file model_34.csv (CSV, C-alpha atoms and all ligand atoms)
chain,number,residue,atom,x,y,z
A,1,MET,CA,26.3,17.4,-26.7
A,2,ALA,CA,25.7,14.3,-24.4
A,3,ARG,CA,22.9,14.9,-22.0
A,4,SER,CA,23.0,13.7,-18.5
A,5,SER,CA,20.5,11.3,-17.2
A,6,ARG,CA,19.1,14.1,-15.0
A,7,ASP,CA,18.6,16.3,-18.1
A,8,ILE,CA,16.6,13.6,-19.8
A,9,PHE,CA,14.6,12.9,-16.6
A,10,ASP,CA,13.8,16.6,-16.2
A,11,GLN,CA,12.9,17.1,-19.9
A,12,HIS,CA,11.1,13.9,-20.9
A,13,LEU,CA,9.5,12.5,-17.7
A,14,ALA,CA,6.4,14.1,-16.5
A,15,PRO,CA,7.1,15.4,-13.0
A,16,THR,CA,4.8,14.9,-9.9
A,17,THR,CA,6.6,17.3,-7.7
A,18,PRO,CA,9.0,20.3,-8.1
A,19,PHE,CA,11.4,18.5,-5.8
A,20,PRO,CA,11.8,14.9,-7.0
A,21,LEU,CA,14.4,12.9,-5.1
A,22,GLY,CA,16.2,12.4,-8.4
A,23,LEU,CA,18.3,9.6,-7.0
A,24,GLU,CA,19.6,7.5,-9.9
A,25,ILE,CA,19.6,3.8,-9.1
A,26,ALA,CA,21.4,1.3,-11.4
A,27,ARG,CA,20.8,-1.9,-9.5
A,28,ALA,CA,19.3,-3.2,-6.2
A,29,GLU,CA,19.9,-6.3,-4.1
A,30,GLY,CA,18.4,-7.3,-0.8
A,31,SER,CA,17.8,-4.2,1.2
A,32,TRP,CA,20.3,-2.1,-0.7
A,33,LEU,CA,20.0,0.3,-3.7
A,34,TYR,CA,23.2,1.2,-5.7
A,35,ASP,CA,23.7,4.3,-7.9
A,36,PRO,CA,25.8,4.1,-11.1
A,37,GLN,CA,28.9,5.1,-9.2
A,38,GLY,CA,28.4,2.1,-6.8
A,39,ASN,CA,27.3,4.2,-3.8
A,40,ALA,CA,24.9,2.2,-1.6
A,41,TYR,CA,21.6,3.3,-0.1
A,42,LEU,CA,19.8,1.3,2.6
A,43,ASP,CA,16.2,1.0,1.4
A,44,LEU,CA,14.1,1.7,4.5
A,45,ILE,CA,10.8,2.2,2.5
A,46,ALA,CA,10.8,-0.7,0.1
A,47,GLY,CA,9.5,1.4,-2.8
A,48,VAL,CA,6.7,2.5,-0.5
A,49,ALA,CA,5.6,-0.9,0.9
A,50,VAL,CA,6.2,-2.8,-2.3
A,51,SER,CA,9.5,-4.7,-2.1
A,52,ASN,CA,8.5,-6.7,1.0
A,53,LEU,CA,11.1,-9.4,0.2
A,54,GLY,CA,13.7,-6.8,-0.7
A,55,HIS,CA,15.2,-6.6,-4.1
A,56,GLY,CA,16.1,-9.5,-6.4
A,57,HIS,CA,14.8,-12.3,-4.3
A,58,PRO,CA,16.0,-15.5,-6.1
A,59,GLU,CA,12.7,-17.3,-5.9
A,60,VAL,CA,10.8,-14.3,-7.3
A,61,LYS,CA,13.4,-13.9,-10.1
A,62,LYS,CA,13.2,-17.6,-10.9
A,63,ALA,CA,9.4,-17.6,-11.1
A,64,ILE,CA,9.5,-14.6,-13.4
A,65,HIS,CA,12.2,-16.2,-15.7
A,66,GLU,CA,10.2,-19.4,-15.9
A,67,GLN,CA,7.0,-17.7,-16.8
A,68,VAL,CA,8.7,-15.4,-19.4
A,69,GLU,CA,9.9,-18.6,-21.1
A,70,ARG,CA,6.3,-20.0,-21.1
A,71,HIS,CA,4.4,-17.0,-22.2
A,72,LEU,CA,3.7,-13.3,-21.5
A,73,HIS,CA,0.3,-11.7,-22.1
A,74,LEU,CA,-2.1,-13.9,-24.0
A,75,MET,CA,-5.6,-12.4,-23.7
A,76,VAL,CA,-7.7,-9.9,-21.8
A,77,TYR,CA,-8.6,-10.7,-18.2
A,78,GLY,CA,-11.1,-13.4,-17.6
A,79,GLU,CA,-11.2,-15.3,-20.8
A,80,TYR,CA,-8.3,-17.8,-21.0
A,81,ILE,CA,-7.4,-20.3,-18.3
A,82,GLN,CA,-3.8,-19.5,-17.4
A,83,SER,CA,-2.1,-21.5,-14.7
A,84,PRO,CA,-0.1,-18.6,-13.0
A,85,VAL,CA,-3.3,-16.6,-12.6
A,86,ASN,CA,-5.3,-19.7,-11.4
A,87,ASN,CA,-2.6,-20.7,-9.0
A,88,LEU,CA,-2.3,-17.3,-7.4
A,89,ALA,CA,-6.1,-17.0,-7.0
A,90,ASP,CA,-6.2,-20.4,-5.4
A,91,ALA,CA,-3.3,-19.6,-3.1
A,92,LEU,CA,-4.6,-16.3,-2.0
A,93,THR,CA,-8.2,-17.5,-1.3
A,94,GLN,CA,-6.9,-20.5,0.6
A,95,ARG,CA,-5.3,-18.1,3.0
A,96,LEU,CA,-8.3,-15.8,3.4
A,97,PRO,CA,-11.7,-16.2,5.2
A,98,ALA,CA,-14.2,-18.3,3.2
A,99,ALA,CA,-16.2,-15.2,2.1
A,100,LEU,CA,-13.2,-13.8,0.3
A,101,GLU,CA,-13.2,-16.6,-2.3
A,102,THR,CA,-13.0,-14.9,-5.8
A,103,CYS,CA,-10.2,-12.7,-7.1
A,104,TYR,CA,-10.5,-10.0,-9.7
A,105,PHE,CA,-6.9,-9.1,-10.7
A,106,THR,CA,-5.9,-5.6,-11.8
A,107,ASN,CA,-2.7,-3.8,-12.6
A,108,SER,CA,-2.6,-1.4,-9.7
A,109,GLY,CA,-4.1,-0.4,-6.4
A,110,ALA,CA,-6.2,2.4,-7.8
A,111,GLU,CA,-7.7,0.0,-10.3
A,112,ALA,CA,-8.6,-2.5,-7.5
A,113,ILE,CA,-10.4,0.4,-5.7
A,114,GLU,CA,-12.3,1.3,-8.9
A,115,GLY,CA,-13.4,-2.3,-9.3
A,116,ALA,CA,-14.4,-2.6,-5.7
A,117,LEU,CA,-16.5,0.6,-5.9
A,118,LYS,CA,-18.3,-0.5,-9.0
A,119,LEU,CA,-18.9,-3.9,-7.5
A,120,ALA,CA,-20.5,-2.4,-4.4
A,121,LYS,CA,-22.8,-0.2,-6.6
A,122,ARG,CA,-23.8,-3.1,-8.7
A,123,VAL,CA,-24.5,-5.5,-5.8
A,124,THR,CA,-26.4,-3.0,-3.7
A,125,GLY,CA,-28.1,-0.9,-6.4
A,126,CYS,CA,-27.0,2.1,-4.4
A,127,SER,CA,-24.5,4.8,-5.2
A,128,GLU,CA,-23.6,6.4,-1.8
A,129,ILE,CA,-20.1,5.7,-0.6
A,130,ILE,CA,-18.9,6.4,2.9
A,131,SER,CA,-15.2,7.0,3.4
A,132,PHE,CA,-12.9,8.6,6.0
A,133,ARG,CA,-11.0,11.8,6.4
A,134,GLY,CA,-7.3,11.4,5.9
A,135,SER,CA,-7.7,8.3,3.7
A,136,TYR,CA,-5.8,7.6,0.5
A,137,HIS,CA,-7.2,5.2,-2.0
A,138,GLY,CA,-5.4,6.2,-5.3
A,139,SER,CA,-5.2,8.9,-7.9
A,140,THR,CA,-7.7,7.9,-10.6
A,141,HIS,CA,-11.0,9.8,-10.6
A,142,GLY,CA,-13.0,7.2,-8.6
A,143,ALA,CA,-10.2,6.4,-6.1
A,144,LEU,CA,-9.5,10.1,-5.7
A,145,SER,CA,-13.2,10.8,-5.1
A,146,VAL,CA,-13.2,8.5,-2.1
A,147,SER,CA,-9.9,9.7,-0.7
A,148,GLY,CA,-10.1,12.0,2.3
A,149,ASN,CA,-7.3,14.5,1.5
A,150,GLU,CA,-9.1,17.6,0.4
A,151,SER,CA,-6.0,19.5,-0.7
A,152,LYS,CA,-5.2,16.9,-3.4
A,153,LYS,CA,-8.8,16.8,-4.7
A,154,GLN,CA,-10.0,20.4,-5.1
A,155,ALA,CA,-8.3,21.0,-8.4
A,156,PHE,CA,-10.0,18.0,-10.1
A,157,ARG,CA,-13.6,18.5,-9.3
A,158,PRO,CA,-16.3,17.5,-10.2
A,159,LEU,CA,-15.5,14.1,-8.8
A,160,LEU,CA,-17.9,11.2,-8.0
A,161,PRO,CA,-21.1,12.5,-6.3
A,162,ASP,CA,-22.6,10.8,-3.3
A,163,VAL,CA,-19.4,10.4,-1.3
A,164,ARG,CA,-19.4,11.3,2.4
A,165,PHE,CA,-16.5,11.5,4.7
A,166,LEU,CA,-16.5,10.6,8.4
A,167,PRO,CA,-13.8,11.0,11.1
A,168,PHE,CA,-11.6,8.0,11.1
A,169,GLY,CA,-11.7,5.9,14.3
A,170,GLN,CA,-14.9,7.5,15.7
A,171,LEU,CA,-17.9,5.3,16.5
A,172,GLY,CA,-20.4,8.1,17.0
A,173,PRO,CA,-21.2,9.2,13.5
A,174,LEU,CA,-21.4,5.7,12.0
A,175,LYS,CA,-25.0,4.8,12.9
A,176,GLY,CA,-26.5,7.8,11.3
A,177,ALA,CA,-24.3,7.9,8.2
A,178,ILE,CA,-24.3,4.2,7.1
A,179,THR,CA,-27.9,3.5,5.9
A,180,GLU,CA,-29.8,1.4,3.5
A,181,LYS,CA,-28.8,4.0,0.8
A,182,THR,CA,-25.1,3.2,1.3
A,183,ALA,CA,-23.4,1.1,-1.4
A,184,ALA,CA,-20.1,0.8,0.4
A,185,VAL,CA,-18.0,1.8,3.3
A,186,ILE,CA,-14.4,2.0,2.2
A,187,VAL,CA,-11.6,2.1,4.8
A,188,GLU,CA,-8.0,1.4,5.3
A,189,PRO,CA,-8.0,-0.8,8.4
A,190,ILE,CA,-4.8,1.1,9.3
A,191,GLN,CA,-4.6,4.5,7.5
A,192,GLY,CA,-1.3,4.6,5.7
A,193,ASP,CA,-0.7,8.0,4.1
A,194,ALA,CA,-2.5,9.8,6.9
A,195,GLY,CA,0.6,8.8,8.9
A,196,ILE,CA,-0.1,5.2,10.2
A,197,ARG,CA,-3.4,5.7,12.1
A,198,ILE,CA,-4.4,2.5,14.0
A,199,PRO,CA,-8.0,2.3,15.1
A,200,ASP,CA,-9.5,0.3,17.9
A,201,ARG,CA,-11.0,-3.0,17.2
A,202,ALA,CA,-14.4,-1.5,18.2
A,203,PHE,CA,-14.3,0.9,15.3
A,204,LEU,CA,-13.7,-1.8,12.6
A,205,GLN,CA,-16.3,-4.1,14.3
A,206,ALA,CA,-18.8,-1.2,14.3
A,207,LEU,CA,-18.2,-0.7,10.6
A,208,ARG,CA,-18.8,-4.5,10.1
A,209,ASP,CA,-22.0,-4.4,12.2
A,210,ARG,CA,-23.4,-1.3,10.5
A,211,CYS,CA,-22.7,-2.8,7.1
A,212,ASN,CA,-24.5,-6.0,8.1
A,213,GLU,CA,-27.5,-4.0,9.3
A,214,SER,CA,-27.7,-1.7,6.3
A,215,GLY,CA,-26.7,-4.1,3.5
A,216,ALA,CA,-23.7,-1.9,2.4
A,217,LEU,CA,-20.5,-3.7,1.4
A,218,LEU,CA,-17.5,-3.2,3.6
A,219,ILE,CA,-14.4,-2.6,1.5
A,220,PHE,CA,-11.0,-2.9,3.2
A,221,ASP,CA,-8.1,-1.1,1.3
A,222,GLU,CA,-5.1,-3.2,2.3
A,223,ILE,CA,-3.0,-2.0,-0.6
A,224,GLN,CA,-0.4,-0.7,1.7
A,225,SER,CA,-1.0,-2.7,4.8
A,226,GLY,CA,-1.2,-6.1,3.2
A,227,MET,CA,1.3,-8.8,2.2
A,228,GLY,CA,2.8,-9.1,5.7
A,229,ARG,CA,3.7,-5.5,6.3
A,230,THR,CA,2.0,-5.5,9.8
A,231,GLY,CA,3.1,-9.0,10.8
A,232,GLU,CA,-0.1,-10.7,9.5
A,233,LEU,CA,-0.6,-11.5,5.8
A,234,PHE,CA,-3.4,-8.9,5.9
A,235,ALA,CA,-3.9,-6.4,8.7
A,236,PHE,CA,-7.6,-7.2,9.2
A,237,SER,CA,-6.5,-10.5,10.8
A,238,HIS,CA,-5.2,-8.5,13.9
A,239,TRP,CA,-8.8,-7.7,14.7
A,240,GLY,CA,-10.6,-10.6,13.1
A,241,VAL,CA,-13.0,-8.3,11.3
A,242,VAL,CA,-13.6,-9.6,7.8
A,243,PRO,CA,-14.6,-7.2,4.9
A,244,ASP,CA,-16.9,-8.0,2.0
A,245,VAL,CA,-14.2,-6.8,-0.4
A,246,LEU,CA,-10.5,-6.8,0.2
A,247,CYS,CA,-8.3,-4.7,-2.0
A,248,THR,CA,-4.6,-5.5,-2.4
A,249,ALA,CA,-1.7,-4.3,-4.6
A,250,LYS,CA,1.8,-2.9,-4.0
A,251,ALA,CA,3.7,-5.8,-2.4
A,252,LEU,CA,1.3,-8.4,-4.0
A,253,GLY,CA,3.2,-8.5,-7.3
A,254,GLY,CA,6.7,-8.9,-5.6
A,255,GLY,CA,7.9,-5.9,-7.6
A,256,LEU,CA,5.8,-6.3,-10.7
A,257,PRO,CA,2.5,-4.4,-11.2
A,258,LEU,CA,-0.5,-6.3,-9.8
A,259,GLY,CA,-3.6,-5.6,-7.7
A,260,ALA,CA,-6.7,-7.4,-6.8
A,261,PHE,CA,-10.1,-7.0,-5.3
A,262,ILE,CA,-11.4,-10.1,-3.7
A,263,ALA,CA,-15.0,-10.9,-2.7
A,264,ARG,CA,-17.8,-13.5,-2.7
A,265,ALA,CA,-18.3,-15.4,-5.9
A,266,ALA,CA,-22.0,-14.4,-5.8
A,267,HIS,CA,-21.1,-10.8,-5.7
A,268,MET,CA,-18.5,-11.0,-8.4
A,269,ARG,CA,-21.1,-12.5,-10.8
A,270,ALA,CA,-22.7,-9.1,-10.8
A,271,PHE,CA,-20.2,-8.1,-13.5
A,272,THR,CA,-21.4,-10.8,-15.9
A,273,ALA,CA,-24.9,-9.5,-16.6
A,274,TYR,CA,-26.8,-6.2,-17.0
A,275,PRO,CA,-24.4,-5.3,-18.5
A,276,MET,CA,-22.3,-8.3,-19.4
A,277,LEU,CA,-18.6,-7.3,-19.2
A,278,GLY,CA,-19.4,-4.9,-16.4
A,279,HIS,CA,-15.8,-4.5,-15.5
A,280,ILE,CA,-13.0,-5.4,-17.9
A,281,THR,CA,-9.2,-4.9,-18.2
A,282,THR,CA,-6.6,-5.9,-20.8
A,283,PHE,CA,-3.6,-6.5,-18.6
A,284,GLY,CA,-5.2,-7.2,-15.2
A,285,GLY,CA,-3.8,-10.5,-13.9
A,286,ASN,CA,-0.7,-10.4,-16.1
A,287,PRO,CA,0.7,-14.0,-16.0
A,288,VAL,CA,4.3,-12.8,-15.2
A,289,SER,CA,3.0,-10.6,-12.4
A,290,CYS,CA,0.9,-13.4,-11.0
A,291,ALA,CA,3.9,-15.9,-11.1
A,292,ALA,CA,6.0,-13.3,-9.2
A,293,ALA,CA,3.1,-12.8,-6.7
A,294,LEU,CA,2.8,-16.5,-6.0
A,295,ALA,CA,6.6,-16.9,-5.5
A,296,THR,CA,6.4,-13.9,-3.1
A,297,LEU,CA,3.6,-15.3,-1.1
A,298,GLU,CA,5.4,-18.7,-0.8
A,299,ALA,CA,8.7,-17.1,0.1
A,300,ILE,CA,7.0,-15.0,2.9
A,301,GLU,CA,5.7,-18.3,4.3
A,302,ARG,CA,8.8,-20.5,3.7
A,303,GLU,CA,11.1,-18.0,5.3
A,304,ALA,CA,8.6,-17.4,8.2
A,305,LEU,CA,8.9,-13.7,7.7
A,306,LEU,CA,5.7,-12.8,9.4
A,307,GLU,CA,7.0,-14.1,12.7
A,308,GLY,CA,9.9,-11.7,12.6
A,309,VAL,CA,8.0,-8.5,11.7
A,310,GLU,CA,7.0,-7.4,15.2
A,311,ALA,CA,10.5,-7.9,16.6
A,312,LYS,CA,12.1,-5.8,13.8
A,313,GLY,CA,9.5,-3.1,14.3
A,314,ALA,CA,10.2,-3.1,18.0
A,315,LEU,CA,14.0,-2.9,17.3
A,316,ILE,CA,13.4,0.3,15.3
A,317,GLU,CA,11.1,1.7,18.0
A,318,ARG,CA,13.7,1.1,20.7
A,319,ALA,CA,16.5,2.5,18.7
A,320,LEU,CA,14.7,5.8,17.9
A,321,GLN,CA,13.6,6.7,21.4
A,322,ASP,CA,14.5,10.3,21.7
A,323,PRO,CA,12.9,13.3,23.4
A,324,ARG,CA,12.7,15.0,20.0
A,325,VAL,CA,10.6,12.2,18.6
A,326,LYS,CA,7.0,13.1,19.5
A,327,GLU,CA,5.4,9.7,18.7
A,328,ILE,CA,6.1,6.5,17.0
A,329,ARG,CA,3.0,4.9,15.5
A,330,ARG,CA,3.4,1.4,14.1
A,331,LYS,CA,1.9,-2.1,13.5
A,332,GLY,CA,4.8,-4.4,12.7
A,333,LEU,CA,7.0,-2.7,10.1
A,334,PHE,CA,4.2,-0.2,9.0
A,335,MET,CA,5.6,2.8,10.8
A,336,ALA,CA,5.5,6.6,11.3
A,337,ILE,CA,8.0,8.6,13.3
A,338,GLU,CA,6.5,12.0,14.3
A,339,PHE,CA,8.3,15.3,15.1
A,340,ALA,CA,7.1,18.7,16.1
A,341,THR,CA,7.4,20.3,12.7
A,342,PRO,CA,7.5,19.3,9.0
A,343,GLN,CA,10.9,21.1,8.8
A,344,GLU,CA,12.4,18.5,11.1
A,345,VAL,CA,11.1,15.7,9.0
A,346,GLN,CA,12.5,17.4,5.9
A,347,HIS,CA,15.9,17.6,7.5
A,348,ILE,CA,15.9,14.0,8.6
A,349,VAL,CA,14.8,12.5,5.3
A,350,GLN,CA,17.4,14.7,3.4
A,351,TYR,CA,20.2,14.0,5.9
A,352,CYS,CA,19.6,10.2,5.7
A,353,LEU,CA,19.6,10.3,1.9
A,354,ALA,CA,22.9,12.1,1.9
A,355,ARG,CA,24.3,9.5,4.3
A,356,GLY,CA,23.0,6.5,2.3
A,357,GLY,CA,19.7,5.7,4.1
A,358,HIS,CA,16.4,6.1,2.4
A,359,ALA,CA,13.4,7.1,4.5
A,360,PHE,CA,10.4,8.9,3.0
A,361,TRP,CA,7.5,11.3,3.7
A,362,PHE,CA,3.7,10.6,3.8
A,363,LEU,CA,1.2,12.2,1.5
A,364,SER,CA,-1.0,13.6,4.3
A,365,CYS,CA,1.2,13.8,7.4
A,366,PRO,CA,4.0,16.3,7.0
A,367,GLU,CA,5.1,16.0,10.7
A,368,SER,CA,6.0,12.3,10.3
A,369,PHE,CA,8.3,10.3,8.1
A,370,ARG,CA,7.7,6.7,7.0
A,371,LEU,CA,9.7,3.6,7.5
A,372,ALA,CA,8.6,0.5,5.7
A,373,PRO,CA,11.8,-1.6,5.2
A,374,PRO,CA,11.7,-5.0,3.5
A,375,LEU,CA,10.3,-7.6,5.9
A,376,ASN,CA,13.5,-9.7,5.6
A,377,ILE,CA,15.9,-6.8,6.3
A,378,SER,CA,18.7,-8.0,8.6
A,379,ASP,CA,18.9,-6.7,12.1
A,380,ALA,CA,22.4,-5.4,11.3
A,381,ASP,CA,21.1,-3.4,8.4
A,382,LEU,CA,18.2,-2.1,10.6
A,383,LYS,CA,20.6,-1.0,13.3
A,384,HIS,CA,22.8,0.7,10.8
A,385,GLY,CA,19.7,2.5,9.4
A,386,CYS,CA,18.6,3.6,12.8
A,387,ALA,CA,22.1,4.9,13.6
A,388,VAL,CA,21.9,7.1,10.6
A,389,ILE,CA,18.5,8.4,11.6
A,390,ARG,CA,19.7,9.0,15.1
A,391,GLU,CA,22.6,11.1,13.7
A,392,ALA,CA,20.0,13.1,11.8
A,393,ILE,CA,17.9,13.6,14.9
A,394,GLU,CA,20.9,14.6,17.0
A,395,GLN,CA,21.7,17.3,14.5
A,396,LEU,CA,18.3,18.9,15.0
A,397,ASP,CA,19.6,20.8,18.0
A,398,SER,CA,22.5,22.4,16.2
A,399,ILE,CA,20.9,23.6,13.0
A,400,SER,CA,18.3,26.3,12.5
A,401,LEU,CA,15.3,25.1,10.5
B,1,LIG,N1,-4.7,2.6,-1.5
B,1,LIG,C1,-3.7,2.8,-0.6
B,1,LIG,C2,-3.9,2.6,0.9
B,1,LIG,C3,-2.4,3.2,-1.0
B,1,LIG,O1,-1.4,3.3,-0.2
B,1,LIG,C4,-2.2,3.3,-2.4
B,1,LIG,C5,-0.9,3.8,-2.9
B,1,LIG,O2,-0.1,4.3,-2.2
B,1,LIG,C6,-3.3,3.1,-3.3
B,1,LIG,C7,-4.5,2.8,-2.8
B,1,LIG,C8,-3.1,3.3,-4.8
B,1,LIG,O3,-2.3,2.3,-5.3
B,1,LIG,P1,-1.6,2.5,-6.7
B,1,LIG,O4,-0.6,3.6,-6.5
B,1,LIG,O5,-1.0,1.2,-7.1
B,1,LIG,O6,-2.7,2.9,-7.7
call {"tool": "encode", "arguments": {"input": "model_34.csv", "output": "structure tokens", "more": "lines below"}}
Ligand code: PLP
result
Amino acid sequence: MARSSRDIFDQHLAPTTPFPLGLEIARAEGSWLYDPQGNAYLDLIAGVAVSNLGHGHPEVKKAIHEQVERHLHLMVYGEYIQSPVNNLADALTQRLPAALETCYFTNSGAEAIEGALKLAKRVTGCSEIISFRGSYHGSTHGALSVSGNESKKQAFRPLLPDVRFLPFGQLGPLKGAITEKTAAVIVEPIQGDAGIRIPDRAFLQALRDRCNESGALLIFDEIQSGMGRTGELFAFSHWGVVPDVLCTAKALGGGLPLGAFIARAAHMRAFTAYPMLGHITTFGGNPVSCAAALATLEAIEREALLEGVEAKGALIERALQDPRVKEIRRKGLFMAIEFATPQEVQHIVQYCLARGGHAFWFLSCPESFRLAPPLNISDADLKHGCAVIREAIEQLDSISL
């Protein structure tokens, strides 16, 4: 008997939740996803802050096709000179402060975090890591160890030792906690999965100052906030506080898997000795992913997308003003809409999906839902999406949750 695609999904794909969205998508274009029957869904989350140019951007597809014709994988990371990888490293570092001069490419965000943590240990000779409550840095053992969501970690202990968690955004505890024993302070300059928590500049500057005083490396995790999501290429530019190590991924690859940690050349050389090959990867910096990434970066600039991000965020914020909305937290199009209860959020996300609009939850903030549409979404599509969300909000009064 023919099995449905849902049967195969349920039987042969490892689940991550008892309630997967289970939406079947056959193709995607611009800000729209289409199921096999041709029903359209407005993508208001961009694959969780990945598809910042929407789906099927012609320049990204062209770069991928051209690179596929030249070559796919050739050799493990760091041995051959490959122009797509070189060109991307050159383009990224030209757009970053001078200290962020050397890229180590990975396949994912979590791997960028793993590399950054190992780098900090190797450079400082210390093992203690300072992180923040509510943070999310990935699901591998090291990245999970430095993530601040206790409920996701307990089942997997023992994790990395020597990790301490501080309250995000508070200056008081920093002085005593960041010491000459600290290898790294790892922080999302805007916490994403904690529900878009935006600190004061003073907090990030205090981290920078304490790291300067103690010798610890300051790692910024911009895996979610980077590549234009907040209206700057990387969010740290809003505050002008520069990390020692910048981690990026998600939108970097323009829809293909790619991450990077970026630091001083002198620091990166630590991986070449005692032991040599101190950090290695087979696929990191895949040439097709790097070609897509460069095309993405260039399209963001050519289309002046960063200039439009704040206005689009403000449009959503205005459209969703409602007494039932407790708070809207956002920087550009990095956005959380908060309600009184998780049940209201469940209703809104499900209602939108049923009406062809895709919003999504956060890992560690059940009272809010996330919006992270493509940066080039049209105002007309945004208004349509907001109208669907408003319908869902207006229903809250008439249903019992
Ligand atoms: N760091 C942050 C801030 C993230 O949002 C994520 C993913 O959501 C990660 C790290 C992990 O990235 P990946 O899922 O590519 O391993």
call {"tool": "closest_residue", "arguments": {"input": "model_34.csv", "among": "A:Asp381, A:Glu111, A:Glu128, A:Asp90", "to": "Ala143 (chain A)", "atoms": "only C-alpha atoms"}}
result
A:Glu111
call {"tool": "residues_around", "arguments": {"input": "model_34.csv", "residues": "Pro366 (chain A)", "least_positions_apart": "6", "cutoff": "8 Å", "atoms": "all atoms listed in the file", "output": "list of chain:residue names"}}
result
A:Thr341, A:Pro342, A:Val345
call {"tool": "residues_near_ligand", "arguments": {"input": "model_34.csv", "ligand": "ligand LIG 1 (chain B)", "cutoff": "6 Å", "atoms": "all atoms listed in the file", "output": "PyMOL selection string"}}
result
chain A and resi 108-110+136-138+192+221+223-224+250
call {"tool": "closest_residue", "arguments": {"input": "model_34.csv", "among": "A:Ala184, A:Ala340, A:Ala299, A:Ala387", "to": "Gly54 (chain A)", "atoms": "all atoms listed in the file"}}
result
A:Ala299
call {"tool": "residues_near_point", "arguments": {"input": "model_34.csv", "point": "(-17.1, -13.5, -7.9)", "cutoff": "12 Å", "atoms": "all atoms listed in the file", "output": "list in words"}}
result
Gly78, Ala89, Thr93, Ala99, Leu100, Glu101, Thr102, Cys103, Tyr104, Phe105, Gly115, Ala116, Leu119, Val123, Asp244, Val245, Phe261, Ile262, Ala263, Arg264, Ala265, Ala266, His267, Met268, Arg269, Ala270, Phe271, Thr272 and His279 of chain A
call {"tool": "atom_distance", "arguments": {"input": "model_34.csv", "atom1": "CA of Phe362 (chain A)", "atom2": "CA of Ile130 (chain A)"}}
result
23.0 Å
call {"tool": "residues_around", "arguments": {"input": "model_34.csv", "residues": "Ile328 (chain A)", "least_positions_apart": "5", "cutoff": "12 Å", "atoms": "all atoms listed in the file", "output": "ChimeraX atom specification"}}
result
/A:195-198,313-314,316-323,333-339,367-371
call {"tool": "atom_distance", "arguments": {"input": "model_34.csv", "atom1": "CA of Pro275 (chain A)", "atom2": "CA of Ser139 (chain A)"}}
result
26.1 Å
